[in-house]
>>> print(open('query21.txt').read())   # compact mmCIF, C-alpha atoms
# COMPACT_ATOMS: atom_id res chain seq x y z
CA MET C 8 -12.28 -19.64 -5.50
CA TYR C 9 -12.39 -16.68 -7.87
CA GLY C 10 -15.73 -17.88 -9.25
CA TRP C 11 -17.12 -18.21 -5.76
CA ILE C 12 -16.04 -14.65 -4.91
CA TRP C 13 -17.53 -13.31 -8.15
CA ARG C 14 -20.87 -15.02 -7.44
CA HIS C 15 -21.00 -13.56 -3.95
CA LEU C 16 -20.34 -9.97 -4.95
CA PRO C 17 -23.64 -8.08 -4.77
CA GLY C 18 -25.04 -5.79 -7.46
CA PRO C 19 -25.04 -5.64 -11.27
CA THR C 20 -21.92 -6.38 -13.33
CA PRO C 21 -20.36 -2.86 -13.43
CA VAL C 22 -20.71 -2.59 -9.65
CA ARG C 23 -19.20 -6.05 -9.24
CA VAL C 24 -16.20 -5.10 -11.38
CA LEU C 25 -15.61 -2.11 -9.14
CA GLU C 26 -15.99 -4.22 -6.01
CA ALA C 27 -13.56 -6.82 -7.32
CA LEU C 28 -11.03 -4.07 -8.05
CA VAL C 29 -11.34 -2.62 -4.55
CA LEU C 30 -10.99 -6.08 -3.06
CA ALA C 31 -7.82 -6.77 -5.08
CA LEU C 32 -6.29 -3.44 -4.07
CA ALA C 33 -7.14 -4.05 -0.42
CA ILE C 34 -5.40 -7.42 -0.54
CA ILE C 35 -2.33 -5.91 -2.23
CA ALA C 36 -2.17 -3.19 0.43
CA LEU C 37 -2.49 -5.78 3.18
CA LEU C 38 0.41 -7.76 1.70
CA MET C 39 2.63 -4.73 1.09
CA PHE C 40 2.18 -3.00 4.41
CA VAL C 41 1.48 -5.80 6.87
CA VAL C 42 2.41 -9.26 5.63
CA PHE C 43 5.65 -8.53 3.72
CA PRO C 44 7.24 -6.29 6.36
CA TRP C 45 6.50 -9.03 8.88
CA ALA C 46 7.74 -11.90 6.71
CA GLU C 47 10.82 -10.25 5.30
CA PRO C 48 13.18 -10.56 8.29
CA LEU C 49 12.33 -14.28 8.44
CA LEU C 50 13.55 -14.85 4.89
CA PRO C 51 17.21 -15.33 3.92
CA PHE C 52 17.57 -12.53 1.37
CA ASN C 53 18.90 -9.44 2.93
CA ASN C 54 21.18 -10.02 5.89
CA VAL C 55 24.16 -7.75 5.52
CA THR C 56 25.88 -7.78 8.89
CA THR C 57 28.51 -9.93 10.48
CA PRO C 58 28.41 -10.53 14.23
CA SER C 59 30.21 -7.78 16.13
CA MET P 28 -57.52 -24.53 -36.26
CA VAL P 29 -57.15 -21.52 -34.06
CA ASP P 30 -55.95 -23.77 -31.29
CA ARG P 31 -53.25 -25.29 -33.48
CA VAL P 32 -51.74 -21.92 -34.37
CA ASP P 33 -51.63 -20.89 -30.70
CA ASP P 34 -50.10 -24.18 -29.66
CA GLU P 35 -47.12 -24.09 -31.97
CA PRO P 36 -44.90 -21.74 -29.99
CA GLU P 37 -45.99 -23.58 -26.86
CA THR P 38 -44.38 -26.75 -28.12
CA VAL P 39 -41.14 -24.90 -28.83
CA ARG P 40 -41.05 -23.46 -25.31
CA VAL P 41 -41.63 -26.80 -23.75
CA GLN P 42 -38.32 -28.08 -25.14
CA ARG P 43 -35.89 -28.40 -22.24
CA PRO P 44 -32.80 -26.17 -22.27
CA THR P 45 -29.52 -28.12 -22.46
CA PRO P 46 -28.66 -28.87 -18.80
CA VAL P 47 -25.75 -26.92 -17.23
CA PRO P 48 -23.21 -29.56 -16.21
CA VAL P 49 -22.85 -29.66 -12.44
CA ASP P 50 -19.21 -29.58 -11.36
CA GLY P 51 -18.16 -32.80 -9.77
CA PRO P 52 -15.96 -32.76 -6.66
CA LEU P 53 -12.84 -33.68 -8.64
CA ARG P 54 -13.30 -30.84 -11.13
CA LYS P 55 -13.83 -28.41 -8.23
CA ALA P 56 -10.75 -29.64 -6.41
CA VAL P 57 -8.52 -29.39 -9.48
CA ARG P 58 -9.77 -25.89 -10.27
CA GLY P 59 -9.36 -24.77 -6.66
CA PHE P 60 -5.80 -26.10 -6.60
CA GLY P 61 -4.96 -24.37 -9.87
CA GLU P 62 -6.35 -21.07 -8.66
CA LEU P 63 -4.36 -21.37 -5.43
CA MET P 64 -1.15 -21.95 -7.40
CA ILE P 65 -1.78 -18.94 -9.62
CA THR P 66 -2.49 -16.85 -6.53
CA ALA P 67 0.71 -18.02 -4.84
CA GLY P 68 2.68 -17.07 -7.95
CA LEU P 69 1.16 -13.61 -7.95
CA VAL P 70 1.95 -13.14 -4.25
CA ILE P 71 5.59 -14.10 -4.83
CA LEU P 72 5.87 -11.70 -7.77
CA LEU P 73 4.38 -9.01 -5.58
CA PHE P 74 6.95 -9.78 -2.90
CA VAL P 75 9.76 -9.22 -5.38
CA VAL P 76 8.24 -5.87 -6.30
CA TYR P 77 8.02 -5.05 -2.59
CA GLU P 78 11.59 -6.08 -1.86
CA VAL P 79 13.19 -4.30 -4.80
CA TYR P 80 11.05 -1.17 -5.22
CA VAL P 81 8.63 -0.54 -2.38
CA THR P 82 11.26 -0.82 0.37
CA ASP P 83 13.34 1.71 -1.58
CA ILE P 84 10.53 4.24 -1.39
CA LEU P 85 9.89 3.60 2.31
CA SER P 86 13.61 3.81 3.12
CA ALA P 87 14.18 6.96 1.07
CA GLU P 88 11.66 8.69 3.31
CA LYS P 89 13.40 7.50 6.48
CA GLN P 90 16.83 8.43 5.10
CA ASP P 91 15.56 11.94 4.31
CA GLU P 92 14.20 12.32 7.82
CA ALA P 93 17.47 11.15 9.35
CA THR P 94 19.48 13.52 7.15
CA THR P 95 17.26 16.46 8.02
CA ALA P 96 17.60 15.67 11.72
CA LEU P 97 21.37 15.46 11.36
CA ASP P 98 21.59 18.76 9.45
CA ASP P 99 19.48 20.44 12.12
CA LYS P 100 21.74 19.11 14.84
CA TRP P 101 24.91 20.22 13.06
CA ASN P 102 23.51 23.65 12.30
CA SER P 103 22.27 24.25 15.82
CA ASN P 104 25.59 23.20 17.34
CA THR P 105 27.69 25.65 15.36
CA VAL P 106 26.46 28.48 17.59
CA GLU P 107 29.34 27.66 19.93
CA PRO P 108 32.71 28.28 18.35
CA VAL P 109 34.23 24.89 17.69
CA ASP P 110 37.53 24.48 19.45
CA PRO P 111 39.81 22.57 17.08
CA GLN P 112 41.82 21.22 20.00
CA ARG P 113 38.82 19.60 21.51
CA GLN P 114 38.17 15.95 20.76
CA VAL P 115 35.31 15.44 18.34
CA GLN P 116 32.22 14.71 20.34
CA TYR P 117 29.59 12.43 18.96
CA ASP P 118 26.17 11.81 20.43
CA LEU P 119 25.62 8.31 19.33
CA ILE P 120 21.95 7.53 19.69
CA ASP P 121 20.70 4.23 18.37
CA GLY P 122 18.97 4.70 15.02
CA GLN P 123 20.01 8.33 14.61
CA ALA P 124 22.39 9.62 11.97
CA PHE P 125 25.77 10.96 13.10
CA ALA P 126 27.81 11.18 9.86
CA LYS P 127 27.40 11.19 6.09
CA MET P 128 29.23 9.09 3.55
CA TYR P 129 30.04 9.78 -0.08
CA ILE P 130 31.55 7.48 -2.69
CA PRO P 131 32.50 9.85 -5.53
CA VAL P 132 33.03 7.08 -8.13
CA PHE P 133 29.37 6.14 -7.68
CA GLY P 134 28.37 9.62 -8.83
CA PRO P 135 27.82 13.02 -7.24
CA ASP P 136 24.36 12.00 -6.03
CA TYR P 137 25.72 9.11 -3.97
CA HIS P 138 25.41 10.18 -0.36
CA PHE P 139 23.93 8.50 2.68
CA SER P 140 23.60 9.42 6.30
CA ILE P 141 25.10 6.74 8.54
CA VAL P 142 23.02 5.79 11.56
CA GLU P 143 24.20 4.25 14.80
CA GLY P 144 23.48 0.54 15.10
CA THR P 145 22.94 -2.32 12.68
CA THR P 146 19.55 -3.77 13.58
CA ASP P 147 17.08 -4.38 10.75
CA LYS P 148 15.25 -1.23 11.78
CA ASN P 149 18.44 0.87 11.73
CA LEU P 150 19.43 -0.43 8.31
CA GLU P 151 16.06 0.55 6.86
CA VAL P 152 17.14 4.14 7.41
CA GLY P 153 20.55 3.81 5.81
CA PRO P 154 24.01 2.35 6.32
CA GLY P 155 24.52 1.47 9.98
CA HIS P 156 27.62 1.79 12.17
CA TYR P 157 28.49 -1.34 14.12
CA ILE P 158 28.15 -0.29 17.75
CA GLY P 159 31.47 -0.32 19.52
CA THR P 160 33.66 -0.14 16.42
CA ALA P 161 35.90 2.90 15.90
CA LEU P 162 34.52 6.30 14.90
CA PRO P 163 35.41 8.08 11.65
CA GLY P 164 39.07 9.05 11.47
CA ASN P 165 40.09 7.24 14.64
CA PRO P 166 42.51 4.33 14.86
CA GLY P 167 40.71 1.02 14.71
CA ASN P 168 38.06 -0.13 12.32
CA PHE P 169 35.11 2.15 11.54
CA SER P 170 32.65 -0.49 10.34
CA VAL P 171 29.43 0.11 8.48
CA ALA P 172 26.79 -2.33 7.19
CA GLY P 173 24.39 -1.56 4.37
CA HIS P 174 21.76 -3.22 2.21
CA ARG P 175 22.61 -4.38 -1.26
CA VAL P 176 19.06 -4.88 -2.54
CA GLY P 177 16.09 -2.71 -1.67
CA LYS P 178 15.82 -0.38 1.34
CA GLY P 179 17.77 2.28 -0.53
CA ALA P 180 20.43 -0.31 -1.44
CA PRO P 181 23.32 1.90 -0.34
CA PHE P 182 25.87 -0.84 -1.02
CA ASN P 183 24.31 -2.11 -4.26
CA ASP P 184 27.50 -1.59 -6.28
CA LEU P 185 30.04 -2.29 -3.57
CA ASP P 186 31.60 -5.01 -5.74
CA LEU P 187 32.41 -2.38 -8.37
CA LEU P 188 34.57 -0.34 -6.01
CA SER P 189 38.24 -0.74 -6.92
CA SER P 190 41.38 -0.08 -4.93
CA CYS P 191 42.23 3.58 -4.20
CA ASP P 192 38.62 4.68 -4.78
CA ALA P 193 37.72 7.27 -2.17
CA ILE P 194 35.08 6.86 0.50
CA VAL P 195 34.52 10.26 2.07
CA VAL P 196 32.92 10.54 5.50
CA GLU P 197 31.61 13.85 6.76
CA THR P 198 31.24 14.38 10.48
CA GLN P 199 30.16 17.49 12.30
CA THR P 200 33.67 18.93 12.34
CA THR P 201 35.73 16.95 9.85
CA TRP P 202 35.95 15.51 6.36
CA VAL P 203 37.57 12.08 6.57
CA VAL P 204 38.85 10.42 3.40
CA TYR P 205 39.37 6.67 3.22
CA ARG P 206 40.63 4.82 0.17
CA MET P 207 40.07 1.18 -0.64
CA LEU P 208 43.08 -1.04 0.00
CA PRO P 209 44.75 -3.13 -2.72
CA THR P 210 43.00 -6.42 -3.41
CA THR P 211 44.73 -9.77 -2.97
CA GLY P 212 45.68 -9.96 -6.64
CA GLU P 213 47.09 -6.44 -6.71
CA GLU P 214 49.27 -6.67 -3.62
CA ALA P 215 52.21 -8.45 -5.25
CA GLY P 216 52.93 -5.94 -8.00
CA TRP P 217 51.62 -2.91 -6.15
CA ALA P 218 54.73 -0.72 -6.16
CA GLU P 219 55.29 -1.16 -9.91
CA GLY P 220 51.63 -1.20 -10.83
CA LYS P 221 48.75 0.74 -9.44
CA ALA P 222 50.82 2.65 -6.87
CA LYS P 223 51.79 5.08 -9.66
CA ASN P 224 48.20 6.30 -9.94
CA PRO P 225 47.99 9.65 -8.11
CA LYS P 226 44.86 8.43 -6.32
CA CYS P 227 47.00 5.73 -4.70
CA ALA P 228 49.63 8.10 -3.26
CA LYS P 229 48.84 7.08 0.31
CA VAL P 230 47.57 3.58 -0.28
CA ALA P 231 49.82 0.56 0.07
CA PRO P 232 49.29 -3.06 1.04
CA LEU P 233 48.82 -3.00 4.80
CA LYS P 234 51.01 -6.02 5.38
CA ASP P 235 54.01 -3.84 4.57
CA LEU P 236 53.08 -1.52 7.42
CA ALA P 237 56.30 -0.67 9.32
CA ASN P 238 55.96 -3.78 11.50
CA THR P 239 58.70 -6.33 11.29
CA GLY P 240 57.99 -10.00 11.02
CA ALA P 241 54.39 -11.14 10.67
CA SER P 242 52.26 -8.07 10.44
CA PRO P 243 48.89 -8.25 12.20
CA TYR P 244 47.49 -6.73 9.01
CA ALA P 245 48.73 -9.59 6.79
CA LYS P 246 45.16 -10.60 5.95
CA THR P 247 43.66 -7.14 5.51
CA VAL P 248 43.03 -6.57 1.81
CA GLY P 249 40.72 -4.29 -0.14
CA GLN P 250 37.97 -6.75 -0.87
CA GLU P 251 37.04 -10.14 0.50
CA ILE P 252 34.10 -12.49 0.58
CA VAL P 253 33.52 -14.24 3.88
CA THR P 254 30.93 -16.40 5.56
CA PRO P 255 28.24 -14.62 7.61
CA ALA P 256 29.78 -15.81 10.86
CA GLN P 257 33.18 -14.18 10.29
CA GLY P 258 32.83 -11.24 12.63
CA GLU P 259 36.60 -10.80 12.69
CA VAL P 260 36.38 -8.65 9.55
CA ILE P 261 35.17 -5.78 11.72
CA SER P 262 37.66 -6.31 14.56
CA PRO P 263 39.96 -3.32 15.22
CA VAL P 264 42.60 -5.27 13.32
CA PRO P 265 40.69 -7.50 10.87
CA HIS P 266 41.38 -11.25 11.15
CA PHE P 267 43.84 -10.70 13.99
CA ALA P 268 43.07 -12.30 17.32
CA GLY P 269 45.92 -10.73 19.35
CA GLU P 270 45.97 -7.29 20.92
CA VAL P 271 47.42 -4.35 19.07
CA PRO P 272 47.77 -1.14 21.12
CA VAL P 273 45.36 1.52 19.86
CA ALA P 274 48.22 3.87 19.05
CA GLN P 275 49.65 1.33 16.62
CA GLN P 276 46.36 0.51 14.92
CA ALA P 277 45.73 1.75 11.41
CA ALA P 278 42.61 3.84 10.90
CA LEU P 279 40.45 1.62 8.73
CA MET P 280 36.94 1.72 7.41
CA THR P 281 35.09 -1.50 6.66
CA LEU P 282 31.89 -1.85 4.66
CA THR P 283 29.82 -5.03 4.84
CA THR P 284 26.89 -6.17 2.73
CA CYS P 285 25.30 -9.40 1.52
CA HIS P 286 26.75 -11.56 -1.23
CA PRO P 287 25.85 -12.68 -3.79
CA ARG P 288 23.11 -10.18 -4.49
CA PHE P 289 19.65 -11.43 -3.36
CA SER P 290 21.25 -13.96 -1.02
CA ASP P 291 22.67 -14.05 2.47
CA LYS P 292 24.97 -17.00 1.93
CA GLN P 293 28.09 -14.84 2.21
CA ARG P 294 29.20 -11.31 3.02
CA LEU P 295 31.03 -8.92 0.74
CA ILE P 296 33.58 -6.92 2.69
CA VAL P 297 35.49 -3.83 1.60
CA HIS P 298 38.36 -2.47 3.68
CA ALA P 299 39.67 1.07 3.23
CA VAL P 300 42.42 3.03 4.91
CA LEU P 301 42.46 6.61 6.14
CA THR P 302 44.45 8.80 3.75
CA MET P 303 43.39 12.34 4.54
CA SER P 304 41.27 14.46 6.81
CA TYR P 305 40.29 18.10 6.61
CA PRO P 306 38.63 20.32 9.19
CA LYS P 307 35.29 21.54 7.93
CA ALA P 308 35.16 25.16 6.83
CA ASN P 309 32.53 27.26 5.15
CA GLY P 310 32.35 26.48 1.46
CA PHE P 311 35.23 24.00 1.57
CA VAL P 312 34.66 20.74 -0.25
CA PRO P 313 37.40 18.08 -0.26
CA PRO P 314 38.91 17.61 -3.75
CA GLU P 315 38.36 13.85 -3.42
CA LEU P 316 34.62 14.44 -3.74
CA LYS P 317 35.08 15.49 -7.35
CA GLU P 318 36.89 12.31 -8.39
CA GLN P 319 35.17 10.16 -10.95
>>> encode(input="query21.txt", output="structure tokens")
Amino acid sequence: MYGWIWRHLPGPTPVRVLEALVLALAIIALLMFVVFPWAEPLLPFNNVTTPS
Amino acid sequence: MVDRVDDEPETVRVQRPTPVPVDGPLRKAVRGFGELMITAGLVILLFVVYEVYVTDILSAEKQDEATTALDDKWNSNTVEPVDPQRQVQYDLIDGQAFAKMYIPVFGPDYHFSIVEGTTDKNLEVGPGHYIGTALPGNPGNFSVAGHRVGKGAPFNDLDLLSSCDAIVVETQTTWVVYRMLPTTGEEAGWAEGKAKNPKCAKVAPLKDLANTGASPYAKTVGQEIVTPAQGEVISPVPHFAGEVPVAQQAALMTLTTCHPRFSDKQRLIVHAVLTMSYPKANGFVPPELKEQ
């Protein structure tokens, strides 16, 4: 998977390194701001209320 | 002769390079699986970072906004002279702050604005008031939920609160001081033991409350751990199914959070009783706020 991505990044090595970095950051941002906020209420970690 | 010399490098070049092994389907599958597992591990680690740190940052921003909005509201309302005889008026708007809470033993920087409502969205802003429970200083049970991990974690150290520790609530017109009730273990020897501490002057096991016979407050202690379904901890009289006239109800404050930390298997509950209230005045700060 990682090899496949590396082979499909265009440009010479330094450019590829930069591209890979941007890709990784984009995925982290997607997780932090979209996926985790959505998933969190579905997980049993942080319920603090009792029924009123 | 000339030909021979020219040919020599030729023969070297003709030698085949060692062939690059082509990955078989099994090798590809195993590698793909391994990479997926590593990725999943990284995602889970990242989730922990999100839960414990990133939500703190996001919530701090929301808490600041709510506090600013509350300060603006309080400041703008003081234009009218406040009539002390008038009942305290609250505008309770879902998700908006209406009071501030301080727990002096948690340090002078421990303060949170309490918002109305206890939905997930409300609790991202700060501790949330259970809709319909009593308001600060009133008879009944002023109940507040708060996160223990992440999202500002207002109730992170709730298990460290001990009996007689003050919980100070500031409303637009009043400072309200609650103190944590004796715990189950402390109730028996209360009068001879902790009651001598000056902090405990107005704190006593609630089951001794004037009532004769079985007190409705028999089960109300400082700290308890309950199952998530036990909503009776925030009833006007905790754990009591019968009716108690409002005039005879004690003014309690109840804090709820998850227990154990990082889990929602149980709830940690702290009950406190009203011991003091002061009208707000310029420059006046309740002495309880300076307790350590």
>>> interface_residues(input="query21.txt", of="chain C", to="chain P", cutoff="8 Å", atoms="all atoms listed in the file", output="list of chain:residue names")
C:Met8, C:Tyr9, C:Met39, C:Phe43, C:Pro48, C:Pro51, C:Phe52, C:Asn53, C:Asn54, C:Val55, C:Thr56, C:Thr57, C:Pro58, C:Ser59
>>> residues_around(input="query21.txt", residues="Gly164 of chain P", least_positions_apart="2", cutoff="10 Å", atoms="only C-alpha atoms", output="PDB file with C-alpha atoms, in the frame of the given file")
ATOM      1  CA  ALA P 161      35.900   2.900  15.900  1.00  0.00           C
ATOM      2  CA  LEU P 162      34.520   6.300  14.900  1.00  0.00           C
ATOM      3  CA  PRO P 166      42.510   4.330  14.860  1.00  0.00           C
ATOM      4  CA  GLY P 167      40.710   1.020  14.710  1.00  0.00           C
ATOM      5  CA  ASN P 168      38.060  -0.130  12.320  1.00  0.00           C
ATOM      6  CA  PHE P 169      35.110   2.150  11.540  1.00  0.00           C
ATOM      7  CA  VAL P 196      32.920  10.540   5.500  1.00  0.00           C
ATOM      8  CA  THR P 198      31.240  14.380  10.480  1.00  0.00           C
ATOM      9  CA  THR P 201      35.730  16.950   9.850  1.00  0.00           C
ATOM     10  CA  TRP P 202      35.950  15.510   6.360  1.00  0.00           C
ATOM     11  CA  VAL P 203      37.570  12.080   6.570  1.00  0.00           C
ATOM     12  CA  VAL P 204      38.850  10.420   3.400  1.00  0.00           C
ATOM     13  CA  TYR P 205      39.370   6.670   3.220  1.00  0.00           C
ATOM     14  CA  ALA P 277      45.730   1.750  11.410  1.00  0.00           C
ATOM     15  CA  ALA P 278      42.610   3.840  10.900  1.00  0.00           C
ATOM     16  CA  LEU P 279      40.450   1.620   8.730  1.00  0.00           C
ATOM     17  CA  MET P 280      36.940   1.720   7.410  1.00  0.00           C
ATOM     18  CA  VAL P 300      42.420   3.030   4.910  1.00  0.00           C
ATOM     19  CA  LEU P 301      42.460   6.610   6.140  1.00  0.00           C
ATOM     20  CA  THR P 302      44.450   8.800   3.750  1.00  0.00           C
ATOM     21  CA  MET P 303      43.390  12.340   4.540  1.00  0.00           C
ATOM     22  CA  SER P 304      41.270  14.460   6.810  1.00  0.00           C
TER      23      SER P 304
END
>>> residues_around(input="query21.txt", residues="segment 83-95 of chain P", least_positions_apart="3", cutoff="7 Å", atoms="only C-alpha atoms", output="list in words")
Val79, Tyr80, Asp98, Asp99, Gln123, Ala124, Ser140, Glu151, Val152, Gly153, Gly177, Lys178 and Gly179 of chain P
>>> axis_aligned_box(input="query21.txt", around="segment 18-27 of chain C", padding_each_side="6 Å", output="JSON")
{"center_x": -19.3, "center_y": -4.5, "center_z": -9.7, "size_x": 23.5, "size_y": 16.7, "size_z": 19.4}
>>> atom_distance(input="query21.txt", atom1="atom CA of Leu28 of chain C", atom2="atom CA of Ala67 of chain P")
18.5 Å
>>> closest_residue(input="query21.txt", among="P:Pro243, P:Lys307, P:Ile194, P:Glu219", to="Thr281 of chain P", atoms="all atoms listed in the file")
P:Ile194
>>> atom_distance(input="query21.txt", atom1="atom CA of Pro52 of chain P", atom2="atom CA of Ile12 of chain C")
18.2 Å
>>> residues_around(input="query21.txt", residues="Val230 of chain P", least_positions_apart="2", cutoff="8 Å", atoms="all atoms listed in the file", output="list in words")
Cys191, Arg206, Met207, Leu208, Pro209, Ala222, Cys227, Ala228, Pro232, Val300 and Thr302 of chain P
>>> atom_distance(input="query21.txt", atom1="atom CA of Ile252 of chain P", atom2="atom CA of His266 of chain P")
12.9 Å
>>> closest_residue(input="query21.txt", among="C:Leu37, C:Ala27, C:Leu32, C:Leu50", to="His15 of chain C", atoms="only C-alpha atoms")
C:Ala27
>>> closest_residue(input="query21.txt", among="P:His298, P:Arg54, P:Lys100, P:His138", to="Glu197 of chain P", atoms="all atoms listed in the file")
P:His138
